[in-house]
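Chemist: The structure's right below; bear with me while I get my questions together.
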Amino acid sequence: MNGPVERAREALASGLAPVEVYAALAVGADFRDTALVVCDALGIPRADAEHRLRATDGLWDDFAPGDEEFLGELLDLAAVFDVHVTLDEPGEQVRRLLDRSMGALGGIGSGVALGISRKPATGRLPEAYTVLVGLPVRERGDPARYRAELIAAGELLADWLPPDDREAAGRVREARERCARRDASGSRPSR
């Protein structure tokens with residue numbers, strides 16, 4: 001008989017998202033323990049999973065049977081199920097440029113910042129790049145530095161992407177071109 005971690009691994013391998021796996025396994029089970037099971041199945045070290053769950057300690061008593069799907073979505077929003085990756089050196093260079101471009105914005109909403117910061121940590125550099133290109137530079141920001149960092153990141157990112165990932169390459173190319181047009185016009189991104 002398969003234990004909960006094995007069932008979670010099988011469900012993840014079948015293509016189910018961690019939130020769906022959580023919702024299915026949490027029915028009739030301890031909600032917090034189920035989160036640890038899904039983290040284990042994802043390969044997240046136990047100490048890291050425990051650390052992530054400490055931030056959610058106030059949640060557990062507020063949910064009852066039937067809330068499994070909603071709770072799974074909250075855990076996902078809290079980045080509990082994020083599988084962090086180690087980037088190679090070119091990927092790290094892209095990540096640093098993206099971080100610097102975000103700093104040049106002159107401020108960013110906390111929800112947007114959380115969403116963007118999760119993307120590089122999980123290896124989704126193209127997604128982070130395309131989101132950053134579309135953000136407005138605030139009055140206290142530095143539009144020239146923002147665009148310069150993004151143009152450099154876009155060039156490195158285009159080389160970093162696997163050659164067979166045409167979809168990501170197309171999104172990155174389009175975002176780079178938008179950024180370069182803004183650089184040529186000296187304008188701020190539209191709000």
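If you're wondering about the labels, chains in the structure tokens are A, B, ... by order shown, residues count from 1 in each chain, ligands from 1 in order shown.
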Skip Gly91 in chain A itself and residues of its chain fewer than 2 positions away, then list as a list in words all residues within 10 Å of it, counting only C-alpha atoms.
Modeler: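 Contacts, in chain order: Thr86, Leu87, Asp88, Glu89, Gln93, Val94, Arg95, Arg96, Leu97, Pro120, Gly123, Leu125, Ala153, Leu156, Leu157, Asp159, Trp160 and Leu161 of chain A.
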Chemist: Could you pull out all residues of range 38-166 of chain A with a DSSP call of alpha helix (DSSP H) and give them as a VMD selection string?
Modeler: chain A and resid 38 to 42 46 to 54 68 to 77 89 to 103 110 to 121 125 to 133 143 to 160 166
Chemist: When you look at Val131 in chain A with a cut-off of 9 Å (counting only C-alpha atoms), what residues show up, excluding the ones that are within fewer than 4 positions of it in the same chain? I need them as a list of chain:residue names.
Modeler: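 Near Val131 in chain A, the qualifying residues are A:Ile116, A:Pro126, A:Glu127, A:Leu135, A:Ala175.
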Chemist: Next, write the just-selected residues to a file, as a short mmCIF file (atom, residue, chain, number, x, y, z; two decimals), in the first residue's frame, keeping N, CA, C and O atoms as the atom set.
Modeler:
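Once everything was written out, this is part.cif:
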data_model
loop_
_atom_site.label_atom_id
_atom_site.label_comp_id
_atom_site.auth_asym_id
_atom_site.auth_seq_id
_atom_site.Cartn_x
_atom_site.Cartn_y
_atom_site.Cartn_z
N ILE A 116 6.79 38.46 -8.50
CA ILE A 116 7.99 38.53 -9.33
C ILE A 116 9.15 37.81 -8.65
O ILE A 116 9.89 37.08 -9.30
N PRO A 126 12.00 33.86 -17.75
CA PRO A 126 11.26 34.55 -18.81
C PRO A 126 9.98 35.21 -18.30
O PRO A 126 9.65 36.32 -18.71
N GLU A 127 9.28 34.54 -17.40
CA GLU A 127 8.06 35.12 -16.85
C GLU A 127 8.37 36.37 -16.04
O GLU A 127 7.67 37.38 -16.16
N LEU A 135 6.00 46.87 -16.14
CA LEU A 135 5.71 47.67 -14.95
C LEU A 135 6.06 49.15 -15.15
O LEU A 135 7.02 49.48 -15.84
N ALA A 175 9.12 41.33 -25.49
CA ALA A 175 9.34 42.21 -24.33
C ALA A 175 10.62 43.03 -24.51
O ALA A 175 10.64 44.23 -24.18
#
Chemist: Rank A:Leu12, A:Ala104, A:Ala158, A:Leu75 by their smallest atom-to-atom distance to Arg138 in chain A, using only C-alpha atoms, and report the top residue only.
Modeler: A:Ala104
Chemist: To one decimal in Å, tell me the separation between CA of Arg32 in chain A and CA of Lys119 in chain A.
Modeler: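 Here the two named atoms are 24.8 Å from each other.
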Chemist: Quick one: everything within 9 Å of Trp60 in chain A, counting only C-alpha atoms, minus sequence neighbours fewer than 2 positions away in the same chain. Send it as a ChimeraX atom specification.
Modeler: /A:31-32,56-58,62-64,71
Chemist: Generate the output file for the selected residues, C-alpha atoms, as a JSON list (two decimals), in the first residue's frame.
Modeler:
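Written file, result12.json:
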[["chain", "number", "residue", "atom", "x", "y", "z"],
["A", 31, "PHE", "CA", -4.18, 19.90, 7.03],
["A", 32, "ARG", "CA", -0.68, 20.86, 8.20],
["A", 56, "THR", "CA", 0.99, 29.95, 8.14],
["A", 57, "ASP", "CA", 0.56, 28.76, 11.74],
["A", 58, "GLY", "CA", -2.43, 31.05, 12.31],
["A", 62, "ASP", "CA", -9.78, 28.61, 10.77],
["A", 63, "PHE", "CA", -10.46, 25.77, 8.33],
["A", 64, "ALA", "CA", -12.75, 22.77, 8.49],
["A", 71, "LEU", "CA", -6.50, 26.14, 1.93]]
Chemist: Please list as a list of chain:residue names every residue within 10 Å of Ala180 in chain A, counting only C-alpha atoms and excluding residues in the same chain fewer than 6 positions away.
Modeler: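 Contacts, with the query itself left out: A:Arg147, A:Ala148, A:Leu150, A:Ile151, A:Gly154, A:Glu174, A:Gly186.
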Chemist: To one decimal in Å, tell me the separation between CA of Asp164 in chain A and CA of Val21 in chain A.
Modeler: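 The value is 29.7 Å.
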Chemist: Calculated over only C-alpha atoms, which of the candidates A:Pro163, A:Pro90, A:Gly28, A:Gly43 has the smallest distance to Val5 in chain A?
Modeler: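 Of A:Pro163, A:Pro90, A:Gly28, A:Gly43, the one nearest Val5 in chain A is A:Gly43, counting only C-alpha atoms.
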Chemist: Go through A:Arg100, A:His84, A:Arg166, A:Arg9 one by one, measure the shortest atom-to-atom distance of each to Asp142 in chain A using only C-alpha atoms, and give the residue with the smallest value.
Modeler: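 Between A:Arg100, A:His84, A:Arg166, A:Arg9, the residue approaching Asp142 in chain A most closely is A:Arg100.
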Chemist: Could you check how far CA of Leu25 in chain A sits from CA of Arg118 in chain A, in Å to one decimal?
Modeler: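 Taking CA of Leu25 in chain A and CA of Arg118 in chain A, their separation equals 24.9 Å.
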Chemist: Could you check the closest approach to Ala78 in chain A for each of A:Ala35, A:Val27, A:Ile44, A:Ala55 and tell me which residue wins, using only C-alpha atoms?
Modeler: A:Ala55
